[in-house]
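entry39.tsv, holding TSV, C-alpha atoms:
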```tsv
chain	number	residue	atom	x	y	z
A	1	MET	CA	158.81	45.17	55.28
A	2	LEU	CA	161.18	43.63	52.70
A	3	ARG	CA	164.42	42.06	53.83
A	4	LEU	CA	167.30	42.68	51.42
A	5	ASN	CA	168.57	39.14	51.11
A	6	THR	CA	172.07	38.20	52.19
A	7	HIS	CA	173.59	34.76	51.63
A	8	ARG	CA	176.41	32.76	53.11
A	9	GLU	CA	178.82	34.09	50.47
A	10	GLY	CA	177.66	37.69	50.83
A	11	TRP	CA	175.09	40.26	49.73
A	12	PRO	CA	174.06	39.68	46.08
A	13	VAL	CA	173.70	42.80	43.94
A	14	GLY	CA	172.71	42.84	40.28
A	15	LEU	CA	174.21	44.63	37.27
A	16	LEU	CA	171.87	45.63	34.43
A	17	PHE	CA	174.17	46.67	31.57
A	18	SER	CA	174.01	45.29	28.04
A	19	GLY	CA	176.85	44.56	25.66
A	20	GLN	CA	174.44	44.43	22.71
A	21	SER	CA	172.48	47.68	23.00
A	22	GLN	CA	172.67	50.95	21.05
A	23	THR	CA	174.77	52.34	23.93
A	24	ALA	CA	176.89	49.24	24.60
A	25	ALA	CA	180.19	51.14	24.79
A	26	VAL	CA	178.91	53.42	27.52
A	27	GLU	CA	177.22	50.58	29.37
A	28	HIS	CA	180.46	48.60	29.35
A	29	ALA	CA	182.20	51.50	31.09
A	30	GLN	CA	179.34	51.74	33.59
A	31	ALA	CA	179.57	48.02	34.34
A	32	CYS	CA	183.33	48.32	34.86
A	33	ALA	CA	182.89	51.27	37.21
A	34	THR	CA	180.25	49.35	39.19
A	35	LEU	CA	182.60	46.38	39.60
A	36	LEU	CA	185.47	48.68	40.62
A	37	ALA	CA	183.31	50.25	43.34
A	38	ILE	CA	182.18	46.81	44.56
A	39	ASP	CA	185.85	45.82	44.83
A	40	GLU	CA	186.60	48.96	46.85
A	41	VAL	CA	183.63	48.44	49.17
A	42	ASN	CA	184.67	44.85	49.80
A	43	ALA	CA	188.31	45.84	50.37
A	44	ALA	CA	187.04	48.25	53.04
A	45	GLY	CA	185.17	45.45	54.86
A	46	GLY	CA	182.01	45.18	52.77
A	47	ILE	CA	178.76	45.96	54.54
A	48	ASN	CA	179.73	45.50	58.17
A	49	GLY	CA	181.79	42.47	57.27
A	50	VAL	CA	179.47	41.11	54.57
A	51	PRO	CA	180.91	41.39	51.04
A	52	LEU	CA	178.89	42.53	48.02
A	53	VAL	CA	178.60	39.74	45.44
A	54	PRO	CA	177.97	40.99	41.87
A	55	ARG	CA	175.46	39.04	39.78
A	56	GLN	CA	175.12	39.43	36.01
A	57	VAL	CA	173.17	37.77	33.22
A	58	ASP	CA	173.38	38.30	29.47
A	59	ILE	CA	171.13	41.15	28.31
A	60	GLY	CA	169.97	41.68	24.73
A	61	PRO	CA	169.55	45.05	22.98
A	62	GLN	CA	165.84	45.69	23.58
A	63	PRO	CA	164.17	47.33	26.62
A	64	ASP	CA	162.27	44.15	27.43
A	65	ASP	CA	165.59	42.27	27.60
A	66	TYR	CA	166.52	44.37	30.63
A	67	ARG	CA	163.22	43.53	32.28
A	68	LEU	CA	163.75	39.83	31.69
A	69	ALA	CA	167.27	40.09	33.11
A	70	ALA	CA	166.03	41.92	36.19
A	71	GLU	CA	163.34	39.28	36.64
A	72	LYS	CA	165.96	36.50	36.55
A	73	LEU	CA	168.18	38.30	39.03
A	74	CYS	CA	165.32	38.93	41.44
A	75	ASP	CA	163.52	35.60	41.16
A	76	GLU	CA	166.36	33.15	40.57
A	77	GLN	CA	169.28	34.77	42.40
A	78	ASP	CA	167.53	36.57	45.27
A	79	VAL	CA	168.85	39.99	44.20
A	80	ARG	CA	167.00	42.99	45.62
A	81	VAL	CA	169.52	45.77	44.88
A	82	LEU	CA	170.34	46.40	41.21
A	83	PHE	CA	172.66	48.89	39.53
A	84	GLY	CA	172.05	49.89	35.98
A	85	THR	CA	170.21	50.36	32.75
A	86	HIS	CA	171.25	53.26	30.56
A	87	MET	CA	168.63	54.43	28.08
A	88	SER	CA	165.31	55.72	29.40
A	89	ASN	CA	163.27	53.09	27.59
A	90	SER	CA	165.17	50.31	29.41
A	91	ARG	CA	164.74	52.04	32.77
A	92	LYS	CA	161.01	52.40	32.17
A	93	ALA	CA	160.81	48.71	31.22
A	94	VAL	CA	162.50	47.66	34.47
A	95	LEU	CA	160.82	49.95	37.02
A	96	PRO	CA	157.44	48.12	37.22
A	97	LEU	CA	159.30	44.91	38.04
A	98	MET	CA	161.34	46.69	40.73
A	99	GLU	CA	158.13	47.89	42.30
A	100	SER	CA	156.40	44.52	42.10
A	101	ARG	CA	159.42	42.74	43.66
A	102	GLN	CA	160.09	45.55	46.14
A	103	ALA	CA	163.64	45.77	44.82
A	104	LEU	CA	165.81	48.89	44.59
A	105	LEU	CA	167.28	50.15	41.30
A	106	PHE	CA	170.18	52.62	41.24
A	107	TYR	CA	170.05	54.41	37.87
A	108	PRO	CA	173.37	56.07	36.87
A	109	THR	CA	172.49	58.01	33.73
A	110	LEU	CA	171.30	61.51	32.90
A	111	TYR	CA	167.68	61.46	31.83
A	112	GLU	CA	164.68	63.62	30.93
A	113	GLY	CA	163.32	64.06	34.46
A	114	PHE	CA	159.64	64.19	35.42
A	115	GLU	CA	159.72	60.81	37.16
A	116	PHE	CA	159.71	59.38	40.68
A	117	SER	CA	159.69	55.84	41.96
A	118	GLN	CA	160.06	54.77	45.57
A	119	ASN	CA	162.12	51.89	44.19
A	120	CYS	CA	164.60	53.95	42.16
A	121	ILE	CA	167.59	56.09	43.11
A	122	TYR	CA	168.56	58.49	40.30
A	123	THR	CA	172.25	59.40	40.31
A	124	GLY	CA	172.54	60.85	36.80
A	125	ALA	CA	171.80	64.49	36.07
A	126	ALA	CA	168.24	65.84	36.11
A	127	PRO	CA	167.37	68.54	33.54
A	128	ASN	CA	168.09	71.44	35.91
A	129	GLN	CA	171.61	70.04	36.35
A	130	ASN	CA	172.54	69.98	32.66
A	131	SER	CA	169.84	71.33	30.29
A	132	VAL	CA	169.61	74.69	32.07
A	133	GLN	CA	173.37	75.18	32.00
A	134	LEU	CA	173.72	74.16	28.35
A	135	ALA	CA	170.80	76.36	27.27
A	136	ARG	CA	172.29	79.29	29.17
A	137	HIS	CA	175.58	78.79	27.33
A	138	MET	CA	173.92	78.61	23.90
A	139	LEU	CA	171.84	81.71	24.61
A	140	ARG	CA	174.95	83.81	25.04
A	141	GLU	CA	175.06	83.79	21.24
A	142	PRO	CA	172.92	86.80	20.20
A	143	GLY	CA	169.74	85.62	18.50
A	144	SER	CA	170.72	82.05	19.21
A	145	ARG	CA	169.19	79.70	16.63
A	146	VAL	CA	169.08	75.99	17.46
A	147	PHE	CA	168.23	72.90	15.41
A	148	PHE	CA	167.16	69.73	17.27
A	149	ILE	CA	168.25	66.29	16.02
A	150	GLY	CA	167.38	63.20	18.07
A	151	ASN	CA	166.73	59.49	17.99
A	152	ASN	CA	163.04	58.69	17.95
A	153	TYR	CA	162.48	57.62	21.56
A	154	VAL	CA	161.38	59.00	24.92
A	155	PHE	CA	164.58	60.71	26.06
A	156	ALA	CA	164.99	62.68	22.85
A	157	HIS	CA	161.38	63.88	22.69
A	158	GLU	CA	161.22	64.87	26.36
A	159	SER	CA	164.68	66.42	26.49
A	160	ASN	CA	163.88	68.47	23.39
A	161	ARG	CA	160.60	69.61	24.93
A	162	ILE	CA	162.49	70.91	27.97
A	163	MET	CA	165.25	72.49	25.88
A	164	ARG	CA	162.70	74.21	23.62
A	165	ASP	CA	161.06	75.80	26.68
A	166	LEU	CA	164.44	76.99	27.94
A	167	ILE	CA	165.62	78.35	24.59
A	168	GLU	CA	162.38	80.21	23.97
A	169	GLN	CA	162.28	81.50	27.55
A	170	GLY	CA	165.73	82.98	26.85
A	171	GLU	CA	164.52	84.58	23.59
A	172	GLY	CA	166.36	82.16	21.33
A	173	SER	CA	164.62	80.17	18.61
A	174	VAL	CA	164.30	76.54	17.57
A	175	VAL	CA	164.53	76.61	13.79
A	176	GLY	CA	164.08	72.89	13.12
A	177	GLU	CA	163.45	69.53	14.77
A	178	ASP	CA	164.04	66.07	13.32
A	179	TYR	CA	163.94	62.55	14.78
A	180	LEU	CA	165.74	59.58	13.29
A	181	PRO	CA	165.26	55.87	13.97
A	182	PHE	CA	168.18	54.04	15.53
A	183	HIS	CA	170.68	53.06	12.81
A	184	ALA	CA	168.97	55.41	10.35
A	185	PRO	CA	169.96	55.04	6.67
A	186	ASP	CA	172.67	57.41	5.45
A	187	ALA	CA	170.11	59.00	3.12
A	188	ASP	CA	168.01	60.06	6.12
A	189	LEU	CA	171.03	61.70	7.76
A	190	ALA	CA	171.84	63.46	4.49
A	191	ASP	CA	168.29	64.83	4.27
A	192	VAL	CA	168.54	66.24	7.81
A	193	MET	CA	171.89	67.85	7.04
A	194	ALA	CA	170.44	69.44	3.92
A	195	ARG	CA	167.84	71.09	6.20
A	196	VAL	CA	170.62	72.22	8.54
A	197	ASP	CA	172.50	73.83	5.65
A	198	HIS	CA	169.32	75.54	4.48
A	199	LEU	CA	168.37	76.91	7.93
A	200	ARG	CA	171.90	77.80	9.14
A	201	PRO	CA	171.49	77.33	12.92
A	202	ASP	CA	174.13	78.47	15.37
A	203	PHE	CA	173.88	75.17	17.23
A	204	ILE	CA	172.64	71.64	16.73
A	205	TYR	CA	171.25	70.24	19.96
A	206	SER	CA	171.75	66.49	19.64
A	207	THR	CA	169.75	63.87	21.50
A	208	VAL	CA	171.22	61.19	19.26
A	209	VAL	CA	172.83	58.45	21.36
A	210	GLY	CA	175.34	55.64	21.15
A	211	SER	CA	176.72	54.47	17.81
A	212	ASP	CA	174.52	56.90	15.86
A	213	THR	CA	176.44	59.81	17.43
A	214	ILE	CA	179.55	59.10	15.37
A	215	ARG	CA	177.52	58.98	12.17
A	216	LEU	CA	175.88	62.29	13.07
A	217	HIS	CA	179.26	63.98	13.50
A	218	GLU	CA	180.53	62.49	10.25
A	219	ALA	CA	177.51	63.82	8.37
A	220	PHE	CA	177.72	67.23	10.04
A	221	ALA	CA	181.42	67.57	9.15
A	222	ARG	CA	180.43	67.68	5.46
A	223	THR	CA	178.01	70.62	5.86
A	224	ARG	CA	178.48	74.30	5.08
A	225	ALA	CA	176.99	75.03	8.50
A	226	ARG	CA	179.99	73.34	10.16
A	227	THR	CA	182.41	75.28	7.95
A	228	GLU	CA	180.69	78.53	8.93
A	229	GLY	CA	181.06	77.83	12.64
A	230	ALA	CA	177.91	76.01	13.79
A	231	LEU	CA	178.48	73.60	16.68
A	232	ILE	CA	176.92	70.39	17.97
A	233	THR	CA	175.89	70.46	21.63
A	234	SER	CA	174.61	67.51	23.67
A	235	LEU	CA	173.92	66.09	27.09
A	236	ALA	CA	174.45	62.49	26.02
A	237	THR	CA	177.66	62.51	23.95
A	238	ASN	CA	180.68	61.51	26.02
A	239	GLU	CA	184.21	60.09	26.12
A	240	ALA	CA	183.06	56.74	24.74
A	241	ASP	CA	181.81	58.54	21.63
A	242	LEU	CA	184.97	60.67	21.35
A	243	SER	CA	187.09	57.51	21.44
A	244	GLN	CA	185.44	56.51	18.14
A	245	MET	CA	185.99	59.90	16.46
A	246	SER	CA	188.98	61.94	15.37
A	247	ALA	CA	189.42	65.52	16.57
A	248	ASP	CA	188.47	66.90	13.16
A	249	LEU	CA	184.96	65.53	13.76
A	250	SER	CA	184.64	66.52	17.42
A	251	GLU	CA	186.71	69.65	18.09
A	252	GLY	CA	184.59	72.52	19.40
A	253	PHE	CA	181.71	70.22	20.36
A	254	LEU	CA	180.01	71.19	23.66
A	255	ALA	CA	178.59	68.89	26.34
A	256	ALA	CA	177.04	69.35	29.77
A	257	ALA	CA	177.80	66.77	32.47
A	258	PRO	CA	178.73	66.62	36.16
A	259	TRP	CA	182.11	64.98	35.42
A	260	PHE	CA	184.62	64.77	32.60
A	261	ALA	CA	187.64	62.48	32.42
A	262	THR	CA	189.97	65.51	32.31
A	263	LEU	CA	189.16	66.64	35.88
A	264	LYS	CA	192.31	66.69	38.00
A	265	ASN	CA	191.04	66.61	41.59
A	266	PRO	CA	192.41	63.74	43.75
A	267	GLU	CA	189.18	61.71	43.73
A	268	SER	CA	188.88	61.96	39.95
A	269	LEU	CA	192.50	60.96	39.39
A	270	ALA	CA	192.15	58.00	41.78
A	271	PHE	CA	188.97	56.87	40.00
A	272	LEU	CA	190.66	56.98	36.59
A	273	GLN	CA	193.71	55.17	37.93
A	274	GLY	CA	191.50	52.48	39.43
A	275	MET	CA	189.55	52.01	36.19
A	276	ARG	CA	192.68	51.73	34.08
A	277	ALA	CA	194.46	49.42	36.50
A	278	ARG	CA	191.44	47.11	36.75
A	279	PHE	CA	190.18	47.18	33.15
A	280	GLY	CA	193.00	48.55	30.98
A	281	PRO	CA	193.81	51.96	29.49
A	282	GLN	CA	191.44	51.60	26.55
A	283	VAL	CA	188.19	51.74	28.56
A	284	PRO	CA	186.62	55.17	27.87
A	285	VAL	CA	185.50	56.57	31.21
A	286	THR	CA	182.31	58.67	31.07
A	287	SER	CA	180.10	60.70	33.38
A	288	GLY	CA	177.69	57.76	33.39
A	289	ALA	CA	180.53	55.54	34.60
A	290	GLU	CA	181.35	58.05	37.33
A	291	ALA	CA	177.74	57.94	38.53
A	292	ALA	CA	177.75	54.14	38.36
A	293	TYR	CA	180.86	54.21	40.55
A	294	PHE	CA	179.72	56.61	43.24
A	295	GLN	CA	176.20	55.17	43.53
A	296	VAL	CA	177.65	51.86	44.77
A	297	HIS	CA	179.56	53.78	47.43
A	298	LEU	CA	176.44	55.76	48.40
A	299	PHE	CA	174.55	52.49	48.80
A	300	ALA	CA	177.38	51.06	50.90
A	301	VAL	CA	177.41	54.10	53.20
A	302	ALA	CA	173.65	53.79	53.74
A	303	ALA	CA	173.68	50.00	54.15
A	304	ARG	CA	176.44	50.16	56.78
A	305	GLU	CA	174.47	52.70	58.77
A	306	ALA	CA	171.05	51.01	58.40
A	307	ALA	CA	169.64	49.46	61.54
A	308	GLU	CA	168.75	46.31	59.60
A	309	ALA	CA	169.03	44.92	56.08
A	310	THR	CA	165.64	46.08	54.83
A	311	LEU	CA	164.64	48.29	51.92
A	312	GLU	CA	163.02	50.76	54.33
A	313	ALA	CA	166.09	51.00	56.56
A	314	VAL	CA	168.50	51.48	53.63
A	315	LEU	CA	166.26	54.12	52.02
A	316	ASP	CA	166.08	55.96	55.33
A	317	ARG	CA	169.88	56.11	55.60
A	318	LEU	CA	170.30	57.03	51.93
A	319	GLY	CA	168.56	60.28	52.81
A	320	THR	CA	171.61	61.30	54.84
A	321	ALA	CA	174.43	59.49	52.98
A	322	CYS	CA	177.27	61.47	51.39
A	323	PHE	CA	180.29	60.43	49.34
A	324	ASP	CA	183.34	62.26	47.99
A	325	ALA	CA	182.81	61.34	44.35
A	326	PRO	CA	185.18	62.12	41.45
A	327	GLU	CA	183.00	65.13	40.56
A	328	GLY	CA	182.82	66.42	44.17
A	329	ARG	CA	180.85	65.52	47.29
A	330	VAL	CA	177.45	64.11	46.36
A	331	LYS	CA	174.36	63.34	48.41
A	332	LEU	CA	170.83	62.18	47.83
A	333	ASP	CA	167.76	64.40	47.99
A	334	ALA	CA	165.48	62.19	50.08
A	335	VAL	CA	162.27	63.80	48.77
A	336	THR	CA	162.91	63.23	45.06
A	337	HIS	CA	165.38	60.28	45.17
A	338	HIS	CA	167.66	62.31	42.88
A	339	THR	CA	171.21	63.44	43.63
A	340	TRP	CA	172.89	66.78	44.30
A	341	LEU	CA	175.46	67.07	41.46
A	342	TRP	CA	178.12	69.45	40.08
A	343	PRO	CA	177.07	70.76	36.61
A	344	ARG	CA	179.88	71.51	34.15
A	345	ILE	CA	180.21	72.51	30.50
A	346	GLY	CA	182.98	70.82	28.51
A	347	ARG	CA	184.34	71.76	25.10
A	348	VAL	CA	186.30	69.28	22.98
A	349	ASN	CA	189.81	70.52	22.30
A	350	SER	CA	192.30	69.64	19.56
A	351	ASP	CA	193.46	66.64	21.61
A	352	ASN	CA	189.93	65.19	21.41
A	353	GLY	CA	189.34	65.64	25.13
A	354	PHE	CA	186.91	67.74	27.14
A	355	GLU	CA	188.19	71.06	28.46
A	356	VAL	CA	185.95	72.31	31.28
A	357	ILE	CA	184.95	75.88	30.41
A	358	GLU	CA	182.18	76.42	32.99
A	359	GLU	CA	181.33	74.80	36.32
A	360	GLU	CA	179.20	75.44	39.36
A	361	LYS	CA	181.12	76.22	42.53
A	362	ASN	CA	178.77	74.13	44.66
A	363	PRO	CA	176.56	71.08	44.04
A	364	VAL	CA	173.13	71.82	42.58
A	365	LYS	CA	169.94	70.49	44.13
A	366	PRO	CA	168.02	68.22	41.75
A	367	GLU	CA	164.71	69.57	40.45
A	368	PRO	CA	163.42	66.68	38.30
A	369	TYR	CA	160.09	68.43	37.76
A	370	MET	CA	161.77	71.77	36.91
A	371	VAL	CA	159.66	73.57	39.51
A	372	GLN	CA	162.25	76.12	40.60
A	373	HIS	CA	164.64	76.32	37.66
A	374	SER	CA	166.00	79.72	36.64
A	375	PHE	CA	168.64	80.98	34.25
A	376	GLY	CA	169.78	83.51	36.80
A	377	ASP	CA	170.18	81.33	39.86
A	378	VAL	CA	170.50	77.67	40.71
A	379	MET	CA	169.88	76.16	44.11
A	380	THR	CA	173.29	75.12	45.41
A	381	ASP	CA	174.67	73.69	48.60
A	382	ASN	CA	177.12	76.14	50.13
A	383	ALA	CA	178.11	73.79	52.91
```

Here is a file; write its structure as structure tokens.
Amino acid sequence: MLRLNTHREGWPVGLLFSGQSQTAAVEHAQACATLLAIDEVNAAGGINGVPLVPRQVDIGPQPDDYRLAAEKLCDEQDVRVLFGTHMSNSRKAVLPLMESRQALLFYPTLYEGFEFSQNCIYTGAAPNQNSVQLARHMLREPGSRVFFIGNNYVFAHESNRIMRDLIEQGEGSVVGEDYLPFHAPDADLADVMARVDHLRPDFIYSTVVGSDTIRLHEAFARTRARTEGALITSLATNEADLSQMSADLSEGFLAAAPWFATLKNPESLAFLQGMRARFGPQVPVTSGAEAAYFQVHLFAVAAREAAEATLEAVLDRLGTACFDAPEGRVKLDAVTHHTWLWPRIGRVNSDNGFEVIEEEKNPVKPEPYMVQHSFGDVMTDNA
């Protein structure tokens, strides 16, 4: 039995977000959202009177840098609950350390699925909570033809594998597939766009992430395919990317996510107000930041209800914890350690913001192994 260490000053929790990575802009927003939630938990009395104390160390751009940071937090600062990482390669680098230290990682980013760790809570979307919905939308185009462009790493390859299965199951076709290194030369992007112009897909499905996303949109804007109406679709592109693009590059772009910054429900508006009041109006708030925010609150709910401050007791209570998140009420699926979420499709409008054009009426059960996915029905919670 592992005791989740508390100290005289409070309960130390770690943040694993890098300001130097490929996805630094998104990770900055996730770190801000984590700190906002910690502030709110502490303002509400902490964990039965014990405040959460955030711990951070500098993290470099490589996956192993996250592991080294997690090791420092666990071994030097007695942290056993950590919030963070963004890209799948950094999560995979950290998980073995979490398991060896019997620490708990809350991971707030969509990912490729097909994973379980007793020491990880997944609060980003699983493939049945975004890939299925986006594929269904693309397949409404008769004879839908899709071209895959991704960065050359695990998320892109696995997400494309899933999307290919879905597109072909729906009688669409994948007409091309290319992977680019991070920070690929402009000539490589030009070569891919020449293939796009030759093949004339209806959609580009992008698994390009971070700073390379802007370069992809810039290159695509110069193609005949764009002029003729082809669109970029993605699971990973978000408000942080839009903030670095003009509407002429992004308008019409489609994304699937549980939350967009344009949602107007009271919880969403309060979250945005809190982020802007705490960190300024220029911080782009993303679905990953929303997950980073609500996962702290889910942890706090479980920790308050746990019989004792142990990993086992907190995990037991996480299985019944709920929270009214900005996207809607969320809860954990105790079997898979993934979260019931609210899938939505957003389209970028002329104001360079996401307009929600489709959404589930109830939260969707996570199926990280895609065992029960269907285009016709999704497993929702009608409660």

- Could you tell me which of A:Leu341, A:Met98, A:Met138, A:Leu315 comes closest to Ala230 in chain A if we count only C-alpha atoms?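 Smallest separation from Ala230 in chain A among the options: A:Met138.
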
- For Ala247 in chain A, which of A:Glu228, A:Asp351, A:Glu267, A:Glu359 is the closest residue, counting all atoms listed in the file? A:Asp351

- Message: Could you check the closest approach to Phe294 in chain A for each of A:Thr262, A:Ser88, A:Ser173, A:Thr34 and tell me which residue wins, using all atoms listed in the file?
- Response: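 Among the listed residues, A:Thr34 lies closest to Phe294 in chain A.
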
- Task: Within 7 Å of Ser18 in chain A, counting only C-alpha atoms, which residues show up once you throw out same-chain ones fewer than 5 positions away? Write them as a ChimeraX atom specification, please.
- Result: /A:24,27,59-61

- Message: Measuring between all atoms listed in the file, which one of A:Tyr369, A:Leu105, A:Gly45, A:Pro201 shows the shortest distance to Phe299 in chain A?
- Response: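 Result for the nearest residue to Phe299 in chain A: A:Leu105.
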
- Task: Please indicate the distance in Å from CA of Ala306 in chain A to CA of Ala334 in chain A, rounded to one decimal place.
- Result: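 Straight-line distance from CA of Ala306 in chain A to CA of Ala334 in chain A works out to 15.0 Å.
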
- Query: CA of Val314 in chain A and CA of Thr339 in chain A, how far apart in Å?
  - Reply: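 CA of Thr339 in chain A sits 15.8 Å away from CA of Val314 in chain A.
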
Using 10 Å as the limit and counting only C-alpha atoms, can you tabulate each residue of range 214-298 of chain A that touches range 109-130 of chain A, with its shortest atom-to-atom distance in Å and the two atoms involved, as a Markdown table?
```
| residue | atom | partner | partner_atom | distance |
| --- | --- | --- | --- | --- |
| A:Ser234 | CA | A:Asn130 | CA | 9.6 |
| A:Leu235 | CA | A:Asn130 | CA | 6.9 |
| A:Ala236 | CA | A:Leu110 | CA | 7.6 |
| A:Ala255 | CA | A:Asn130 | CA | 8.8 |
| A:Ala256 | CA | A:Asn130 | CA | 5.4 |
| A:Ala257 | CA | A:Asn130 | CA | 6.2 |
| A:Pro258 | CA | A:Ala125 | CA | 7.3 |
| A:Ser287 | CA | A:Thr109 | CA | 8.1 |
| A:Gly288 | CA | A:Thr109 | CA | 5.2 |
| A:Ala289 | CA | A:Thr109 | CA | 8.5 |
| A:Glu290 | CA | A:Gly124 | CA | 9.3 |
| A:Ala291 | CA | A:Thr123 | CA | 6.0 |
| A:Ala292 | CA | A:Thr123 | CA | 7.9 |
| A:Phe294 | CA | A:Thr123 | CA | 8.5 |
| A:Gln295 | CA | A:Thr123 | CA | 6.6 |
| A:Leu298 | CA | A:Thr123 | CA | 9.8 |
```

- Item | Point-to-point distance in Å for CA of Leu15 in chain A and CA of Phe83 in chain A | 5.1 Å
